[in-house]
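What's in run-v8.csv: CSV, N, CA, C and O atoms
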chain,number,residue,atom,x,y,z
R,1273,ALA,N,226.5,-85.0,-205.8
R,1273,ALA,CA,225.2,-84.8,-205.2
R,1273,ALA,C,225.1,-83.3,-205.0
R,1273,ALA,O,225.6,-82.7,-204.0
R,1274,ALA,N,224.3,-82.7,-205.8
R,1274,ALA,CA,224.0,-81.2,-205.7
R,1274,ALA,C,223.0,-81.0,-204.7
R,1274,ALA,O,221.9,-81.6,-204.7
R,1275,SER,N,223.2,-80.0,-203.8
R,1275,SER,CA,222.2,-79.7,-202.8
R,1275,SER,C,221.3,-78.6,-203.3
R,1275,SER,O,221.7,-77.7,-204.0
R,1276,GLN,N,220.0,-78.8,-203.0
R,1276,GLN,CA,219.0,-77.8,-203.5
R,1276,GLN,C,218.7,-76.8,-202.4
R,1276,GLN,O,218.5,-77.2,-201.3
R,1277,GLN,N,218.5,-75.6,-202.8
R,1277,GLN,CA,218.1,-74.5,-201.9
R,1277,GLN,C,216.6,-74.6,-201.7
R,1277,GLN,O,215.9,-74.8,-202.7
R,1278,PRO,N,216.1,-74.4,-200.5
R,1278,PRO,CA,214.7,-74.4,-200.3
R,1278,PRO,C,214.1,-73.2,-201.0
R,1278,PRO,O,214.7,-72.1,-200.9
R,1279,ALA,N,212.9,-73.4,-201.6
R,1279,ALA,CA,212.3,-72.3,-202.3
R,1279,ALA,C,211.3,-71.5,-201.5
R,1279,ALA,O,210.6,-70.6,-202.0
R,1280,ALA,N,211.2,-71.8,-200.2
R,1280,ALA,CA,210.2,-71.2,-199.4
R,1280,ALA,C,210.3,-69.7,-199.3
R,1280,ALA,O,209.3,-69.0,-199.3
R,1281,ALA,N,211.5,-69.2,-199.2
R,1281,ALA,CA,211.8,-67.8,-199.1
R,1281,ALA,C,211.2,-67.0,-200.2
R,1281,ALA,O,210.6,-65.9,-200.1
R,1282,SER,N,211.3,-67.5,-201.4
R,1282,SER,CA,210.8,-66.8,-202.6
R,1282,SER,C,209.3,-66.8,-202.7
R,1282,SER,O,208.7,-66.0,-203.3
R,1283,GLN,N,208.7,-67.8,-202.0
R,1283,GLN,CA,207.2,-67.8,-202.1
R,1283,GLN,C,206.6,-67.0,-200.9
R,1283,GLN,O,205.5,-66.5,-201.1
R,1284,THR,N,207.2,-66.9,-199.8
R,1284,THR,CA,206.6,-66.3,-198.7
R,1284,THR,C,207.0,-64.8,-198.6
R,1284,THR,O,206.3,-64.0,-197.9
R,1285,GLY,N,208.0,-64.4,-199.2
R,1285,GLY,CA,208.5,-63.0,-199.2
R,1285,GLY,C,209.8,-62.9,-198.5
R,1285,GLY,O,210.3,-63.8,-197.8
R,1286,GLU,N,210.4,-61.8,-198.6
R,1286,GLU,CA,211.8,-61.5,-198.1
R,1286,GLU,C,211.6,-60.9,-196.6
R,1286,GLU,O,210.8,-60.0,-196.4
R,1287,LEU,N,212.4,-61.5,-195.7
R,1287,LEU,CA,212.4,-61.0,-194.3
R,1287,LEU,C,213.5,-59.9,-194.2
R,1287,LEU,O,214.6,-60.1,-194.6
R,1288,ILE,N,213.1,-58.7,-193.8
R,1288,ILE,CA,214.0,-57.6,-193.7
R,1288,ILE,C,214.1,-57.3,-192.2
R,1288,ILE,O,213.2,-57.0,-191.5
R,1289,THR,N,215.4,-57.4,-191.7
R,1289,THR,CA,215.6,-57.1,-190.3
R,1289,THR,C,216.2,-55.7,-190.2
R,1289,THR,O,217.1,-55.4,-190.9
R,1290,PRO,N,215.6,-54.9,-189.3
R,1290,PRO,CA,216.2,-53.5,-189.2
R,1290,PRO,C,217.6,-53.5,-188.7
R,1290,PRO,O,218.0,-54.4,-188.0
R,1291,ALA,N,218.3,-52.4,-189.0
R,1291,ALA,CA,219.7,-52.2,-188.5
R,1291,ALA,C,219.7,-52.2,-187.0
R,1291,ALA,O,220.6,-52.7,-186.3
R,1292,VAL,N,218.7,-51.6,-186.4
R,1292,VAL,CA,218.5,-51.5,-184.9
R,1292,VAL,C,217.1,-51.9,-184.6
R,1292,VAL,O,216.2,-51.7,-185.4
R,1293,THR,N,216.8,-52.4,-183.4
R,1293,THR,CA,215.4,-52.8,-183.1
R,1293,THR,C,214.7,-51.7,-182.4
R,1293,THR,O,213.5,-51.7,-182.3
R,1294,THR,N,215.4,-50.7,-181.8
R,1294,THR,CA,214.8,-49.6,-181.1
R,1294,THR,C,215.5,-48.3,-181.7
R,1294,THR,O,216.8,-48.3,-181.7
R,1295,TYR,N,214.8,-47.3,-182.1
R,1295,TYR,CA,215.3,-46.1,-182.6
R,1295,TYR,C,214.8,-44.9,-181.8
R,1295,TYR,O,213.6,-44.9,-181.5
R,1296,GLU,N,215.7,-44.0,-181.5
R,1296,GLU,CA,215.3,-42.8,-180.8
R,1296,GLU,C,215.2,-41.7,-181.8
R,1296,GLU,O,216.1,-41.4,-182.6
R,1297,VAL,N,214.0,-41.1,-181.9
R,1297,VAL,CA,213.7,-40.0,-182.8
R,1297,VAL,C,214.5,-38.8,-182.6
R,1297,VAL,O,214.6,-38.3,-181.5
R,1298,ALA,N,215.2,-38.3,-183.6
R,1298,ALA,CA,216.0,-37.1,-183.6
R,1298,ALA,C,215.4,-36.0,-184.4
R,1298,ALA,O,214.5,-36.2,-185.1
R,1299,SER,N,215.9,-34.8,-184.2
R,1299,SER,CA,215.4,-33.6,-184.9
R,1299,SER,C,215.5,-33.8,-186.4
R,1299,SER,O,216.5,-34.3,-186.9
R,1300,GLY,N,214.3,-33.6,-187.1
R,1300,GLY,CA,214.3,-33.7,-188.5
R,1300,GLY,C,213.9,-35.1,-189.0
R,1300,GLY,O,213.8,-35.3,-190.2
R,1301,ASP,N,213.8,-36.1,-188.1
R,1301,ASP,CA,213.4,-37.4,-188.5
R,1301,ASP,C,211.9,-37.5,-189.0
R,1301,ASP,O,211.1,-36.8,-188.5
R,1302,THR,N,211.7,-38.3,-190.0
R,1302,THR,CA,210.4,-38.7,-190.5
R,1302,THR,C,210.3,-40.2,-190.4
R,1302,THR,O,211.4,-40.9,-190.4
R,1303,LEU,N,209.1,-40.8,-190.3
R,1303,LEU,CA,209.0,-42.2,-190.2
R,1303,LEU,C,209.6,-42.9,-191.5
R,1303,LEU,O,210.3,-43.9,-191.4
R,1304,ALA,N,209.4,-42.3,-192.7
R,1304,ALA,CA,210.0,-42.8,-193.9
R,1304,ALA,C,211.5,-42.8,-193.9
R,1304,ALA,O,212.2,-43.7,-194.3
R,1305,GLY,N,212.0,-41.7,-193.4
R,1305,GLY,CA,213.5,-41.5,-193.3
R,1305,GLY,C,214.1,-42.6,-192.3
R,1305,GLY,O,215.1,-43.1,-192.6
R,1306,ILE,N,213.4,-42.8,-191.2
R,1306,ILE,CA,213.9,-43.8,-190.2
R,1306,ILE,C,213.8,-45.2,-190.9
R,1306,ILE,O,214.8,-46.0,-190.8
R,1307,ALA,N,212.8,-45.5,-191.7
R,1307,ALA,CA,212.7,-46.8,-192.4
R,1307,ALA,C,213.8,-46.9,-193.4
R,1307,ALA,O,214.4,-48.0,-193.4
R,1308,ILE,N,214.1,-45.9,-194.2
R,1308,ILE,CA,215.1,-46.0,-195.1
R,1308,ILE,C,216.5,-46.2,-194.5
R,1308,ILE,O,217.3,-47.1,-194.9
R,1309,LYS,N,216.7,-45.5,-193.4
R,1309,LYS,CA,218.0,-45.7,-192.6
R,1309,LYS,C,218.2,-47.1,-192.1
R,1309,LYS,O,219.3,-47.7,-192.1
R,1310,ASN,N,217.1,-47.7,-191.6
R,1310,ASN,CA,217.2,-49.0,-190.9
R,1310,ASN,C,216.8,-50.2,-191.7
R,1310,ASN,O,217.2,-51.3,-191.4
R,1311,TYR,N,216.0,-50.0,-192.7
R,1311,TYR,CA,215.5,-51.2,-193.5
R,1311,TYR,C,216.0,-51.1,-195.0
R,1311,TYR,O,215.8,-52.0,-195.7
R,1312,LYS,N,216.6,-49.9,-195.4
R,1312,LYS,CA,217.0,-49.6,-196.7
R,1312,LYS,C,215.8,-49.6,-197.7
R,1312,LYS,O,216.0,-49.7,-198.9
R,1313,VAL,N,214.6,-49.4,-197.2
R,1313,VAL,CA,213.4,-49.4,-198.0
R,1313,VAL,C,212.3,-48.7,-197.2
R,1313,VAL,O,212.3,-48.7,-195.9
R,1314,ALA,N,211.4,-48.0,-197.9
R,1314,ALA,CA,210.2,-47.4,-197.2
R,1314,ALA,C,209.0,-47.6,-198.1
R,1314,ALA,O,208.9,-47.0,-199.1
R,1315,SER,N,208.2,-48.5,-197.6
R,1315,SER,CA,206.9,-48.7,-198.4
R,1315,SER,C,205.7,-48.4,-197.4
R,1315,SER,O,205.9,-48.4,-196.2
R,1316,PRO,N,204.6,-48.1,-198.0
R,1316,PRO,CA,203.4,-47.8,-197.1
R,1316,PRO,C,203.1,-48.9,-196.2
R,1316,PRO,O,202.8,-48.7,-195.0
R,1317,ARG,N,203.3,-50.2,-196.6
R,1317,ARG,CA,203.0,-51.3,-195.8
R,1317,ARG,C,204.1,-51.4,-194.6
R,1317,ARG,O,203.7,-51.7,-193.5
R,1318,LEU,N,205.3,-51.1,-194.9
R,1318,LEU,CA,206.3,-51.1,-193.8
R,1318,LEU,C,206.0,-50.0,-192.8
R,1318,LEU,O,206.1,-50.3,-191.6
R,1319,LEU,N,205.7,-48.8,-193.3
R,1319,LEU,CA,205.3,-47.7,-192.3
R,1319,LEU,C,204.1,-48.1,-191.5
R,1319,LEU,O,204.1,-47.8,-190.3
R,1320,ASP,N,203.1,-48.8,-192.1
R,1320,ASP,CA,202.0,-49.3,-191.3
R,1320,ASP,C,202.4,-50.3,-190.2
R,1320,ASP,O,201.9,-50.2,-189.1
R,1321,GLU,N,203.3,-51.2,-190.6
R,1321,GLU,CA,203.8,-52.2,-189.6
R,1321,GLU,C,204.5,-51.5,-188.4
R,1321,GLU,O,204.4,-51.9,-187.3
R,1322,ILE,N,205.4,-50.5,-188.7
R,1322,ILE,CA,206.1,-49.7,-187.7
R,1322,ILE,C,205.0,-49.0,-186.8
R,1322,ILE,O,205.1,-49.1,-185.5
R,1323,CYS,N,204.0,-48.4,-187.4
R,1323,CYS,CA,203.0,-47.7,-186.6
R,1323,CYS,C,202.3,-48.7,-185.7
R,1323,CYS,O,202.0,-48.5,-184.5
R,1324,ARG,N,201.9,-49.9,-186.3
R,1324,ARG,CA,201.2,-50.9,-185.5
R,1324,ARG,C,202.0,-51.4,-184.3
R,1324,ARG,O,201.5,-51.6,-183.2
R,1325,ALA,N,203.3,-51.6,-184.6
R,1325,ALA,CA,204.2,-52.1,-183.5
R,1325,ALA,C,204.4,-51.2,-182.4
R,1325,ALA,O,204.7,-51.5,-181.3
R,1326,ASN,N,204.1,-49.9,-182.6
R,1326,ASN,CA,204.3,-48.8,-181.6
R,1326,ASN,C,203.0,-48.2,-181.2
R,1326,ASN,O,203.0,-47.2,-180.4
R,1327,GLY,N,201.8,-48.7,-181.6
R,1327,GLY,CA,200.5,-48.2,-181.2
R,1327,GLY,C,200.4,-46.8,-181.7
R,1327,GLY,O,199.7,-46.0,-181.1
R,1328,MET,N,201.0,-46.4,-182.8
R,1328,MET,CA,200.9,-45.1,-183.4
R,1328,MET,C,199.7,-45.0,-184.3
R,1328,MET,O,199.5,-45.8,-185.1
R,1329,ARG,N,198.9,-43.9,-184.1
R,1329,ARG,CA,197.8,-43.7,-185.0
R,1329,ARG,C,198.1,-42.9,-186.2
R,1329,ARG,O,197.5,-42.9,-187.3
R,1330,ASN,N,199.2,-42.1,-186.1
R,1330,ASN,CA,199.5,-41.2,-187.2
R,1330,ASN,C,201.0,-41.3,-187.5
R,1330,ASN,O,201.8,-40.9,-186.6
R,1331,ALA,N,201.4,-41.7,-188.6
R,1331,ALA,CA,202.8,-41.8,-189.0
R,1331,ALA,C,203.6,-40.5,-189.1
R,1331,ALA,O,204.8,-40.4,-189.1
R,1332,ASN,N,202.8,-39.4,-189.2
R,1332,ASN,CA,203.4,-38.1,-189.3
R,1332,ASN,C,203.7,-37.4,-188.0
R,1332,ASN,O,204.2,-36.3,-188.0
R,1333,VAL,N,203.3,-38.0,-186.9
R,1333,VAL,CA,203.4,-37.4,-185.6
R,1333,VAL,C,204.5,-38.1,-184.8
R,1333,VAL,O,204.3,-39.2,-184.3
R,1334,LEU,N,205.7,-37.5,-184.7
R,1334,LEU,CA,206.8,-38.1,-184.0
R,1334,LEU,C,207.3,-37.1,-183.0
R,1334,LEU,O,207.2,-35.9,-183.2
R,1335,SER,N,207.7,-37.6,-181.8
R,1335,SER,CA,208.2,-36.7,-180.8
R,1335,SER,C,209.7,-36.8,-180.6
R,1335,SER,O,210.2,-37.9,-180.7
R,1336,LEU,N,210.4,-35.7,-180.4
R,1336,LEU,CA,211.8,-35.7,-180.2
R,1336,LEU,C,212.2,-36.6,-179.0
R,1336,LEU,O,211.5,-36.4,-178.0
R,1337,GLY,N,213.1,-37.5,-179.2
R,1337,GLY,CA,213.4,-38.4,-178.1
R,1337,GLY,C,212.5,-39.6,-178.0
R,1337,GLY,O,212.8,-40.5,-177.2
R,1338,GLN,N,211.5,-39.7,-178.8
R,1338,GLN,CA,210.6,-40.9,-178.7
R,1338,GLN,C,211.3,-42.1,-179.1
R,1338,GLN,O,212.1,-42.1,-180.1
R,1339,LYS,N,211.1,-43.2,-178.4
R,1339,LYS,CA,211.8,-44.5,-178.8
R,1339,LYS,C,210.8,-45.3,-179.6
R,1339,LYS,O,209.6,-45.5,-179.1
R,1340,ILE,N,211.2,-45.7,-180.8
R,1340,ILE,CA,210.3,-46.5,-181.7
R,1340,ILE,C,210.9,-47.9,-181.8
R,1340,ILE,O,212.1,-48.1,-182.1
R,1341,THR,N,210.0,-48.9,-181.6
R,1341,THR,CA,210.4,-50.2,-181.9
R,1341,THR,C,210.3,-50.5,-183.4
R,1341,THR,O,209.3,-50.2,-184.0
R,1342,LEU,N,211.4,-51.1,-183.9
R,1342,LEU,CA,211.4,-51.4,-185.3
R,1342,LEU,C,211.3,-53.0,-185.5
R,1342,LEU,O,212.2,-53.7,-185.2
R,1343,PRO,N,210.1,-53.4,-186.0
R,1343,PRO,CA,209.9,-54.9,-186.1
R,1343,PRO,C,210.5,-55.5,-187.3
R,1343,PRO,O,210.9,-54.7,-188.2
R,1344,GLU,N,210.7,-56.8,-187.3
R,1344,GLU,CA,211.1,-57.4,-188.6
R,1344,GLU,C,210.0,-57.2,-189.6
R,1344,GLU,O,208.8,-57.2,-189.2
R,1345,TYR,N,210.4,-57.1,-190.8
R,1345,TYR,CA,209.4,-56.8,-191.9
R,1345,TYR,C,209.4,-57.9,-193.0
R,1345,TYR,O,210.5,-58.2,-193.5
R,1346,HIS,N,208.3,-58.4,-193.3
R,1346,HIS,CA,208.2,-59.5,-194.3
R,1346,HIS,C,207.7,-58.8,-195.6
R,1346,HIS,O,206.5,-58.5,-195.7
R,1347,ARG,N,208.6,-58.5,-196.5
R,1347,ARG,CA,208.2,-57.9,-197.8
R,1347,ARG,C,207.6,-59.0,-198.6
R,1347,ARG,O,208.3,-60.0,-198.9
R,1348,SER,N,206.4,-58.9,-199.0
R,1348,SER,CA,205.7,-59.9,-199.8
R,1348,SER,C,206.2,-59.8,-201.2
R,1348,SER,O,206.5,-58.8,-201.8
R,1349,THR,N,206.2,-61.0,-201.9
R,1349,THR,CA,206.6,-61.1,-203.3
R,1349,THR,C,205.3,-60.9,-204.1
R,1349,THR,O,204.2,-60.7,-203.5
R,1350,SER,N,205.4,-60.9,-205.4
R,1350,SER,CA,204.3,-60.7,-206.2
R,1350,SER,C,203.2,-61.6,-205.9
R,1350,SER,O,203.4,-62.8,-205.9
R,1351,GLN,N,202.0,-61.1,-205.6
R,1351,GLN,CA,200.9,-62.0,-205.3
R,1351,GLN,C,200.2,-62.6,-206.5
R,1351,GLN,O,199.5,-63.5,-206.4
R,1352,VAL,N,200.6,-62.1,-207.7
R,1352,VAL,CA,200.0,-62.7,-208.9
R,1352,VAL,C,200.7,-64.0,-209.2
R,1352,VAL,O,200.1,-64.8,-209.9
R,1353,ALA,N,201.8,-64.3,-208.7
R,1353,ALA,CA,202.6,-65.5,-209.0
R,1353,ALA,C,201.8,-66.8,-208.6
R,1353,ALA,O,202.0,-67.8,-209.3
R,1354,SER,N,200.9,-66.7,-207.7
R,1354,SER,CA,200.2,-67.9,-207.3
R,1354,SER,C,199.0,-68.2,-208.1
R,1354,SER,O,198.3,-69.2,-207.9
R,1355,THR,N,198.6,-67.3,-208.9
R,1355,THR,CA,197.4,-67.5,-209.7
R,1355,THR,C,197.7,-68.3,-211.0
R,1355,THR,O,198.8,-68.1,-211.5
R,1356,THR,N,196.8,-69.0,-211.5
R,1356,THR,CA,197.0,-69.8,-212.7
R,1356,THR,C,196.0,-69.4,-213.8
R,1356,THR,O,195.8,-70.1,-214.8
R,1357,SER,N,195.2,-68.3,-213.6
R,1357,SER,CA,194.2,-67.9,-214.5
R,1357,SER,C,194.7,-67.3,-215.8
R,1357,SER,O,194.0,-67.4,-216.9
R,1358,ASN,N,195.9,-66.8,-215.9
R,1358,ASN,CA,196.5,-66.2,-217.1
R,1358,ASN,C,197.6,-67.1,-217.7
R,1358,ASN,O,198.7,-66.6,-217.9
R,1359,VAL,N,197.3,-68.3,-217.9
R,1359,VAL,CA,198.3,-69.2,-218.5
R,1359,VAL,C,198.5,-68.9,-219.9
R,1359,VAL,O,197.6,-68.9,-220.7
R,1360,VAL,N,199.8,-68.7,-220.3
R,1360,VAL,CA,200.1,-68.5,-221.7
R,1360,VAL,C,200.3,-69.8,-222.4
R,1360,VAL,O,201.1,-70.7,-222.0
R,1361,GLN,N,199.6,-70.1,-223.5
R,1361,GLN,CA,199.7,-71.4,-224.2
R,1361,GLN,C,200.7,-71.3,-225.3
R,1361,GLN,O,200.8,-70.3,-226.0

Can you turn what I pasted into C-alpha cells?
Amino acid sequence: AASQQPAAASQTGELITPAVTTYEVASGDTLAGIAIKNYKVASPRLLDEICRANGMRNANVLSLGQKITLPEYHRSTSQVASTTSNVVQ
C-alpha cells in the first residue's frame, strides 16, 4: 500500500518561513539583504510583503535599531500551469 503525497503544496506555492520573525536593523543592512539572510531569497514580491507587514512605504528607508517583523512568505509557483489554452497535440 503506497502512500501518496498531497499535491496541494505544488499548486498553491511554497511556504517560506523566515529564520527569525523579528529582525533588528543593523548598520549596512538593506531590506533585500535582510530577506536573503532570513528567507534565502529576495524577490520584489517578498520585499513588498515585508513592507506591508511593517507599514513601510519605502523599502529603501531603514533606521538603525528598527525592529522589522518578518512574515511567512508564500512563493507562488508558475501561474501558467493552470491554463489549458496552449495544449500541445

7 Å contact set for Thr1302 in chain R, only N, CA, C and O atoms, chain neighbours under 5 positions out, as an MDAnalysis selection string: chainID R and resid 1307:1308 1331

Could you write those residues out with N, CA, C and O atoms, as a PDB file, in the coordinates of the input?
ATOM      1  N   ALA R1307     212.800 -45.500-191.700  1.00  0.00           N
ATOM      2  CA  ALA R1307     212.700 -46.800-192.400  1.00  0.00           C
ATOM      3  C   ALA R1307     213.800 -46.900-193.400  1.00  0.00           C
ATOM      4  O   ALA R1307     214.400 -48.000-193.400  1.00  0.00           O
ATOM      5  N   ILE R1308     214.100 -45.900-194.200  1.00  0.00           N
ATOM      6  CA  ILE R1308     215.100 -46.000-195.100  1.00  0.00           C
ATOM      7  C   ILE R1308     216.500 -46.200-194.500  1.00  0.00           C
ATOM      8  O   ILE R1308     217.300 -47.100-194.900  1.00  0.00           O
ATOM      9  N   ALA R1331     201.400 -41.700-188.600  1.00  0.00           N
ATOM     10  CA  ALA R1331     202.800 -41.800-189.000  1.00  0.00           C
ATOM     11  C   ALA R1331     203.600 -40.500-189.100  1.00  0.00           C
ATOM     12  O   ALA R1331     204.800 -40.400-189.100  1.00  0.00           O
TER      13      ALA R1331
END

Residues around (203.2, -40.8, -188.8), cut-off 8 Å, counting all atoms listed in the file - what are they as a list of chain:residue names? R:Thr1302, R:Leu1303, R:Ala1304, R:Leu1319, R:Cys1323, R:Met1328, R:Arg1329, R:Asn1330, R:Ala1331, R:Asn1332, R:Val1333, R:Leu1334

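Minimum atom-to-atom distances from R:Pro1290, R:Asn1326, R:Ser1335, R:Gly1285 to Ile1306 in chain R were compared using all atoms listed in the file, and the lowest value belongs to R:Pro1290.
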
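The gap separating CA of Thr1289 in chain R from CA of Lys1312 in chain R is 10.0 Å, in Å to one decimal.
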
Residues within 8 Å of Leu1336 in chain R, please, as a ChimeraX atom specification. Count all atoms listed in the file; anything in the same chain fewer than 6 positions from it doesn't count. /R:1296-1300

Write the selection just made, keeping N, CA, C and O atoms, as a PDB file, keeping the file's coordinate frame?
ATOM      1  N   GLU R1296     215.700 -44.000-181.500  1.00  0.00           N
ATOM      2  CA  GLU R1296     215.300 -42.800-180.800  1.00  0.00           C
ATOM      3  C   GLU R1296     215.200 -41.700-181.800  1.00  0.00           C
ATOM      4  O   GLU R1296     216.100 -41.400-182.600  1.00  0.00           O
ATOM      5  N   VAL R1297     214.000 -41.100-181.900  1.00  0.00           N
ATOM      6  CA  VAL R1297     213.700 -40.000-182.800  1.00  0.00           C
ATOM      7  C   VAL R1297     214.500 -38.800-182.600  1.00  0.00           C
ATOM      8  O   VAL R1297     214.600 -38.300-181.500  1.00  0.00           O
ATOM      9  N   ALA R1298     215.200 -38.300-183.600  1.00  0.00           N
ATOM     10  CA  ALA R1298     216.000 -37.100-183.600  1.00  0.00           C
ATOM     11  C   ALA R1298     215.400 -36.000-184.400  1.00  0.00           C
ATOM     12  O   ALA R1298     214.500 -36.200-185.100  1.00  0.00           O
ATOM     13  N   SER R1299     215.900 -34.800-184.200  1.00  0.00           N
ATOM     14  CA  SER R1299     215.400 -33.600-184.900  1.00  0.00           C
ATOM     15  C   SER R1299     215.500 -33.800-186.400  1.00  0.00           C
ATOM     16  O   SER R1299     216.500 -34.300-186.900  1.00  0.00           O
ATOM     17  N   GLY R1300     214.300 -33.600-187.100  1.00  0.00           N
ATOM     18  CA  GLY R1300     214.300 -33.700-188.500  1.00  0.00           C
ATOM     19  C   GLY R1300     213.900 -35.100-189.000  1.00  0.00           C
ATOM     20  O   GLY R1300     213.800 -35.300-190.200  1.00  0.00           O
TER      21      GLY R1300
END

Using Å and a single decimal, report how far CA of Ile1340 in chain R sits from atom C of Glu1321 in chain R. 10.2 Å

If I take atom C of Gln1338 in chain R and atom C of Val1292 in chain R, how far is one from the other in Å, to one decimal? 12.6 Å

Proximity to Arg1317 in chain R - best of R:Tyr1345, R:Gly1305, R:Leu1287, R:Thr1293, only N, CA, C and O atoms: R:Tyr1345

Write out all heavy atoms for range 1306-1313 of chain R, as a PDB file, keeping the file's coordinate frame.
ATOM      1  N   ILE R1306     213.400 -42.800-191.200  1.00  0.00           N
ATOM      2  CA  ILE R1306     213.900 -43.800-190.200  1.00  0.00           C
ATOM      3  C   ILE R1306     213.800 -45.200-190.900  1.00  0.00           C
ATOM      4  O   ILE R1306     214.800 -46.000-190.800  1.00  0.00           O
ATOM      5  CB  ILE R1306     212.966 -43.801-188.971  1.00  0.00           C
ATOM      6  CG1 ILE R1306     213.185 -42.490-188.207  1.00  0.00           C
ATOM      7  CG2 ILE R1306     213.261 -45.012-188.085  1.00  0.00           C
ATOM      8  CD1 ILE R1306     212.163 -42.229-187.113  1.00  0.00           C
ATOM      9  N   ALA R1307     212.800 -45.500-191.700  1.00  0.00           N
ATOM     10  CA  ALA R1307     212.700 -46.800-192.400  1.00  0.00           C
ATOM     11  C   ALA R1307     213.800 -46.900-193.400  1.00  0.00           C
ATOM     12  O   ALA R1307     214.400 -48.000-193.400  1.00  0.00           O
ATOM     13  CB  ALA R1307     211.298 -46.872-193.050  1.00  0.00           C
ATOM     14  N   ILE R1308     214.100 -45.900-194.200  1.00  0.00           N
ATOM     15  CA  ILE R1308     215.100 -46.000-195.100  1.00  0.00           C
ATOM     16  C   ILE R1308     216.500 -46.200-194.500  1.00  0.00           C
ATOM     17  O   ILE R1308     217.300 -47.100-194.900  1.00  0.00           O
ATOM     18  CB  ILE R1308     215.173 -44.742-196.046  1.00  0.00           C
ATOM     19  CG1 ILE R1308     213.950 -44.766-196.967  1.00  0.00           C
ATOM     20  CG2 ILE R1308     216.459 -44.676-196.866  1.00  0.00           C
ATOM     21  CD1 ILE R1308     213.702 -43.473-197.713  1.00  0.00           C
ATOM     22  N   LYS R1309     216.700 -45.500-193.400  1.00  0.00           N
ATOM     23  CA  LYS R1309     218.000 -45.700-192.600  1.00  0.00           C
ATOM     24  C   LYS R1309     218.200 -47.100-192.100  1.00  0.00           C
ATOM     25  O   LYS R1309     219.300 -47.700-192.100  1.00  0.00           O
ATOM     26  CB  LYS R1309     218.061 -44.765-191.410  1.00  0.00           C
ATOM     27  CG  LYS R1309     218.554 -43.385-191.687  1.00  0.00           C
ATOM     28  CD  LYS R1309     218.703 -42.644-190.369  1.00  0.00           C
ATOM     29  CE  LYS R1309     218.216 -41.224-190.493  1.00  0.00           C
ATOM     30  NZ  LYS R1309     218.163 -40.499-189.248  1.00  0.00           N
ATOM     31  N   ASN R1310     217.100 -47.700-191.600  1.00  0.00           N
ATOM     32  CA  ASN R1310     217.200 -49.000-190.900  1.00  0.00           C
ATOM     33  C   ASN R1310     216.800 -50.200-191.700  1.00  0.00           C
ATOM     34  O   ASN R1310     217.200 -51.300-191.400  1.00  0.00           O
ATOM     35  CB  ASN R1310     216.361 -48.899-189.602  1.00  0.00           C
ATOM     36  CG  ASN R1310     216.982 -47.949-188.608  1.00  0.00           C
ATOM     37  OD1 ASN R1310     217.962 -48.286-187.964  1.00  0.00           O
ATOM     38  ND2 ASN R1310     216.467 -46.737-188.508  1.00  0.00           N
ATOM     39  N   TYR R1311     216.000 -50.000-192.700  1.00  0.00           N
ATOM     40  CA  TYR R1311     215.500 -51.200-193.500  1.00  0.00           C
ATOM     41  C   TYR R1311     216.000 -51.100-195.000  1.00  0.00           C
ATOM     42  O   TYR R1311     215.800 -52.000-195.700  1.00  0.00           O
ATOM     43  CB  TYR R1311     213.988 -51.238-193.588  1.00  0.00           C
ATOM     44  CG  TYR R1311     213.307 -51.528-192.276  1.00  0.00           C
ATOM     45  CD1 TYR R1311     212.912 -50.499-191.437  1.00  0.00           C
ATOM     46  CD2 TYR R1311     213.016 -52.835-191.884  1.00  0.00           C
ATOM     47  CE1 TYR R1311     212.255 -50.752-190.249  1.00  0.00           C
ATOM     48  CE2 TYR R1311     212.354 -53.102-190.699  1.00  0.00           C
ATOM     49  CZ  TYR R1311     211.973 -52.058-189.880  1.00  0.00           C
ATOM     50  OH  TYR R1311     211.322 -52.313-188.701  1.00  0.00           O
ATOM     51  N   LYS R1312     216.600 -49.900-195.400  1.00  0.00           N
ATOM     52  CA  LYS R1312     217.000 -49.600-196.700  1.00  0.00           C
ATOM     53  C   LYS R1312     215.800 -49.600-197.700  1.00  0.00           C
ATOM     54  O   LYS R1312     216.000 -49.700-198.900  1.00  0.00           O
ATOM     55  CB  LYS R1312     218.029 -50.636-197.226  1.00  0.00           C
ATOM     56  CG  LYS R1312     219.226 -50.796-196.326  1.00  0.00           C
ATOM     57  CD  LYS R1312     220.118 -49.579-196.348  1.00  0.00           C
ATOM     58  CE  LYS R1312     221.383 -49.812-195.573  1.00  0.00           C
ATOM     59  NZ  LYS R1312     221.540 -48.964-194.422  1.00  0.00           N
ATOM     60  N   VAL R1313     214.600 -49.400-197.200  1.00  0.00           N
ATOM     61  CA  VAL R1313     213.400 -49.400-198.000  1.00  0.00           C
ATOM     62  C   VAL R1313     212.300 -48.700-197.200  1.00  0.00           C
ATOM     63  O   VAL R1313     212.300 -48.700-195.900  1.00  0.00           O
ATOM     64  CB  VAL R1313     212.930 -50.787-198.409  1.00  0.00           C
ATOM     65  CG1 VAL R1313     212.449 -51.590-197.223  1.00  0.00           C
ATOM     66  CG2 VAL R1313     211.857 -50.727-199.465  1.00  0.00           C
TER      67      VAL R1313
END
